[in-house]
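Below is one structure; the comments refer to it alone.
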2 protein chains.
Amino acid sequence: MSSQMQALKTRLGTISDLAGASELAAWDQQTKMPPNGGKARAEMLGTLASLRHGAFTDDETGRLLEAAAAELDGADGRGGPDPDSDDVRLIEVTRRRWEKSRRVPTELEGELARASSEGQEAWVAARAASDFKSFAPYLERILKLTRRYVDCHLGHDGFQCAYDVLIDDYEPGIRTARVAELFSELKGELVPMIARLGQATPVDDTLLSAHFATEGQRTLARETVTLMGFDEQGWRMDDTVHPFAIRIAAGDVRITNRWDESYWPMSLYGAMHECGHGLYEAGVAPELRRLPTGSPESLGMHESQSRLWENMVGRGRAFCTLLAPRVGELAGGDLAGLDADQLYRAINRVKPTFIRVEADEATYGLHIILRFELEQEMVEGRLAIADLPEAWNAKFKDSFGIEVTDDADGVLQDVHWSGGMMGYFPTYALGNLIAGQLWERAQAEISGLDDQLAAGELVELREWLRRRVHRHGAKFETEELLEREGGGPISVAPFVRYLKAKLSDVYGVDLGD
Amino acid sequence: MSSQMQALKTRLGTISDLAGASELAAWDQQTKMPPNGGKARAEMLGTLASLRHGAFTDDETGRLLEAAAAELDGADGRGGPDPDSDDVRLIEVTRRRWEKSRRVPTELEGELARASSEGQEAWVAARAASDFKSFAPYLERILKLTRRYVDCHLGHDGFQCAYDVLIDDYEPGIRTARVAELFSELKGELVPMIARLGQATPVDDTLLSAHFATEGQRTLARETVTLMGFDEQGWRMDDTVHPFAIRIAAGDVRITNRWDESYWPMSLYGAMHECGHGLYEAGVAPELRRLPTGSPESLGMHESQSRLWENMVGRGRAFCTLLAPRVGELAGGDLAGLDADQLYRAINRVKPTFIRVEADEATYGLHIILRFELEQEMVEGRLAIADLPEAWNAKFKDSFGIEVTDDADGVLQDVHWSGGMMGYFPTYALGNLIAGQLWERAQAEISGLDDQLAAGELVELREWLRRRVHRHGAKFETEELLEREGGGPISVAPFVRYLKAKLSDVYGVDLGD
């Protein structure tokens, strides 16, 4: 390797190690740390983040970037270097991140971090008391700082509006207009579908709350993720309050889970979801490790992996034929002899509810679209914070046909805004769309996929995803990656086809195709 | 706080956080990390160590030190600042460490780290094959680099000889001549004592290898360390191969343990030993945290804490009356109804053996003195590496009266030399001496201590140790601390008095006093 490129990679490797140390400290905090360590851990995490930010954004990184780029341009003769090569993409991705992070003054970064930390604390109390007013001043401050953050970036990178800047942090390269177009099409499909299902005979889902002891759930979750690719040589699974997946470094992926004896699907589908995230991280090409291109940064693409495993595989008819008898064996009691068809129908029942994280596959999109619309209005100053609960409730009534009576079940339900994460929500629904698209292509390309799933043979699907998605890491932005590997840019149709087919089957109605 | 002092402390706090991140990564590596994460973890640990070293040794730290020192001198009027104040001691301790670490070229640091890493790998293989010759070239290289390291420091800090430099890294401020004087007195006491016990009726120690299931051992260890001060809010205990104690940060101390169903004292006394180390770390005054003075650096003082709890308390007659019935209950089988006197005698039996880590309290010192003598001869070039096994065996025969026939049980038994840690061994025996000294003083100052121990009331002893030792952190060097809090500099007599009294009791002989 050339000397300038090597120097750049050495520096980026150091920064990646600092990120790994932060990941480890965060994992430990949520799984192992004794409670009294909390205050000191916050200091440690702050120190690691500021060292990493400082090392990444400083002039020396820029100098190394330019030197490596010049060397690369000079080395490949007349035609120039291959624009898809790891090194060319590394320069592009790194330069874009470096420029974006240098536009934000350190003082504003600090203000945002403080406001988010205080905001989250205030939100916990406000949600517990269902008291939006006590949270409003914190959200006001976060919004003000967020607007300052937006102002740092407008006029760069082709951003057309304030929300473009925000969503770009979570889904690099995508623009508000594009998301609005996709969501409009999606909403046009979901609303009549949900209305039609509301008139169908309801599905009996009482089996989901039958008693299932934690030890048995642990066995089920462990067996299932092992089929997916979890192995003790390179993975861990631990208990936590809010499940997540994290890659500390190459060969070290960790997922977490929680257990509820009166709602057993949570642990099973939570495990499949987090393992889906973990497989993405574990599947990045070794050549990209310890580099910015080695850390997937599209949250939509990340979510597509977790949702594909959780919903398309885990809630699919084929896999249910494998799951049902095993659940019956491990749980016994009311679940003994569980029937696959019964399980399949119960875990796919559609029902409008207040809480996003408990939503089914059909109503989920509407939860996201509501937030996407409100976020834009707030950021663009068209909606005052004081009017937010009313706006939420009106939109909710309009989309779901039910009346929010309690802010804790409405505008206060999510942590994101209190933590300054505006622009994040759309990636959840984009993840569903991408999952639908990849799933359709996988079914076309892997012969006998359903038979494999019914037999618990998940290797070919995993390797297909690795080849199509995982190995590329953050080399390509989402739509470019999908053009190359997914048959075209993000598309609504495959997800809708998937949903209509499944829900027609579950409800015994004809939703069309 | 003044602005220069605050600036210094902020920088030292950052460095302390990097140390905490390294501690956490090391703890995780030995307790939780999936095996495939090993290669990347080595890179992460290397990055953290080099960032910490770089930040500590750079010019800016020196500038802040001098500015804070000048401010301190100027601020306190004619008399100058209190020489025992936290801030004055912080400047002294930090300046000394800063100057010492700046004397070593980065290139030599790297060479030493590489040689130690390769040396340890070679040692593992050599010990397994009991083949000293295959290890000799590695030790040769480590010794050569160690001499270069010594040369960086000779002429500074009042070092009189090569070994002074080495021992100072593990026991700051102590000198070879002082250690030699103490060890000579100790040896003069131990040799006749061991000889005399060799002629006494042997103690029956078969109960130590009676079967005791791991779950019961876990309960016993957990109960015992909880009496000592372990609590779930600020501590953890995990399984590992080589037990250790570590403080990640304030409020977060972790100990580790291992379990052997056919040698149960290992887990109990291992837990007490590591908890003793942990109590020292947990007991440092909050004002010293995130500062160099907040990290105890005398390994002798550290070992005195672990040994005092393990041996003086845990192997004492009073505590045995508490332990014996509980061991009997938890283990059942051959240990059911275990008698306190029988337990007390068995766990204090004296018997010359080849392996240091299995040695009893009396022979332990001789193991250390042998290594102390050989290390000096090697470092000063009076003993060639090729002649080391022969020298070891001759000295061993002389001290213990038994013949080493296998290098794995002799010169190859310890990891220290392979890891470049020459000068470390003496701290183990110094720890025993200091423990004896503190123990004698604690008995004089805490009324009814034996009754407390027999009742499992360990709080007053712990608080006494915290007041006398723990709270001071690294503010004072060992002998200064003992002058202030331990009744005088390190002394052999109290430890010998303690040992003679106990072993006279155990063997029913008169060893004098």
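In the structure tokens, chains take the letters A, B, ... in the order shown, each chain's residues start at 1, and ligands count up from 1 in the order shown.
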
Exercise. Within 9 Å of chain A, which residues of chain B are there when counting only C-alpha atoms? Please give them as a PyMOL selection string.
Key: chain B and resi 13-18+20-22+24-25+28+32-41+43-45+47-48+51+232-236+248-253

Practice problem: Write out as a list in words which residues come within 8 Å of range 445-459 of chain B when counting only C-alpha atoms, dropping same-chain ones fewer than 6 positions away. | Solution: Leu227, Met228, Gly229, Val313, Ala318, Phe319, Cys320, Thr321 and Leu322 of chain B

Quiz item: Would you give me, as number ranges by chain, the residues in range 218-435 of chain B that DSSP reads as alpha helix (DSSP H)?
Solution: B: 218-228, 265-282, 299-307, 317-331, 340-346, 364-379, 388-400, 426-435

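Between CA of Ile355 in chain A and CA of Glu23 in chain A lies a distance of 28.6 Å.
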
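We find CA of Ala386 in chain A and CA of Glu109 in chain A to be spaced 25.8 Å apart.
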
Exercise. Considering only C-alpha atoms, return as number ranges by chain whatever protein or nucleic-acid residues lie within 9 Å of Met422 in chain B, sequence-local ones (same chain, fewer than 3 positions apart) excluded.
Key: B: 143, 146, 163, 166-167, 375, 379, 416-417, 419, 425

Quiz prompt | Shell of 8 Å around range 501-513 of chain A, only C-alpha atoms, local chain residues under 5 positions omitted, as a ChimeraX atom specification | solution = /A:193,196-197,200-203,344-345,348-349,496

Next, dump the selected residues to file, keeping only N, CA and C atoms, as a PDB file, in the first residue's frame.
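The result, written out as selection.pdb:
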ATOM      1  N   MET A 193     -55.736  -0.415   3.146  1.00  0.00           N
ATOM      2  CA  MET A 193     -55.462  -1.794   3.569  1.00  0.00           C
ATOM      3  C   MET A 193     -55.885  -2.000   5.028  1.00  0.00           C
ATOM      4  N   ARG A 196     -59.669  -1.918   5.386  1.00  0.00           N
ATOM      5  CA  ARG A 196     -60.263  -3.175   4.929  1.00  0.00           C
ATOM      6  C   ARG A 196     -60.107  -4.264   6.000  1.00  0.00           C
ATOM      7  N   LEU A 197     -58.929  -4.344   6.623  1.00  0.00           N
ATOM      8  CA  LEU A 197     -58.681  -5.369   7.647  1.00  0.00           C
ATOM      9  C   LEU A 197     -59.516  -5.112   8.900  1.00  0.00           C
ATOM     10  N   ALA A 200     -62.560  -7.012   8.598  1.00  0.00           N
ATOM     11  CA  ALA A 200     -62.456  -8.475   8.532  1.00  0.00           C
ATOM     12  C   ALA A 200     -62.645  -9.073   9.929  1.00  0.00           C
ATOM     13  N   THR A 201     -62.839 -10.394   9.973  1.00  0.00           N
ATOM     14  CA  THR A 201     -62.955 -11.075  11.262  1.00  0.00           C
ATOM     15  C   THR A 201     -61.640 -10.933  12.020  1.00  0.00           C
ATOM     16  N   PRO A 202     -61.664 -10.425  13.253  1.00  0.00           N
ATOM     17  CA  PRO A 202     -60.409 -10.240  13.997  1.00  0.00           C
ATOM     18  C   PRO A 202     -59.678 -11.570  14.216  1.00  0.00           C
ATOM     19  N   VAL A 203     -58.377 -11.474  14.289  1.00  0.00           N
ATOM     20  CA  VAL A 203     -57.540 -12.650  14.538  1.00  0.00           C
ATOM     21  C   VAL A 203     -57.405 -12.838  16.047  1.00  0.00           C
ATOM     22  N   TYR A 344     -48.854 -18.293  13.195  1.00  0.00           N
ATOM     23  CA  TYR A 344     -48.641 -17.409  12.045  1.00  0.00           C
ATOM     24  C   TYR A 344     -49.688 -16.303  12.018  1.00  0.00           C
ATOM     25  N   ARG A 345     -50.926 -16.632  12.265  1.00  0.00           N
ATOM     26  CA  ARG A 345     -51.987 -15.631  12.223  1.00  0.00           C
ATOM     27  C   ARG A 345     -51.878 -14.670  13.407  1.00  0.00           C
ATOM     28  N   ASN A 348     -49.182 -11.989  13.231  1.00  0.00           N
ATOM     29  CA  ASN A 348     -49.335 -11.062  12.113  1.00  0.00           C
ATOM     30  C   ASN A 348     -50.639 -10.264  12.180  1.00  0.00           C
ATOM     31  N   ARG A 349     -51.290 -10.307  13.323  1.00  0.00           N
ATOM     32  CA  ARG A 349     -52.557  -9.581  13.427  1.00  0.00           C
ATOM     33  C   ARG A 349     -52.298  -8.062  13.312  1.00  0.00           C
ATOM     34  N   VAL A 496     -45.270  -3.451  -0.332  1.00  0.00           N
ATOM     35  CA  VAL A 496     -46.743  -3.508  -0.345  1.00  0.00           C
ATOM     36  C   VAL A 496     -47.217  -4.860  -0.868  1.00  0.00           C
TER      37      VAL A 496
END

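Note that CA of Phe372 in chain A and CA of Ser130 in chain A are 22.3 Å apart.
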
Quiz item: Do you know which residues are at most 6 Å from Tyr424 in chain A counting only C-alpha atoms, after dropping those on the same chain fewer than 3 positions away, and could you put them as a count of residues only?
Solution: 3

Self-check item: Thr293 in chain B environment, 12 Å, only C-alpha atoms, sequence neighbours closer than 3 positions dropped, as number ranges by chain
Solution: B: 9, 12-13, 16, 85-97, 281, 284-290, 296-298, 470-477

Exercise. Pick out the residues sitting within 12 Å of Met312 in chain A, and hand them over as a VMD selection string; count only C-alpha atoms, and ignore anything fewer than 4 positions along from it in its own chain.
Key: chain A and resid 269 272 to 273 276 304 to 308 316 to 320 344 347 to 348 361 432 to 440 442 to 443 449 to 450 453 461 495 498 to 499 501 to 502
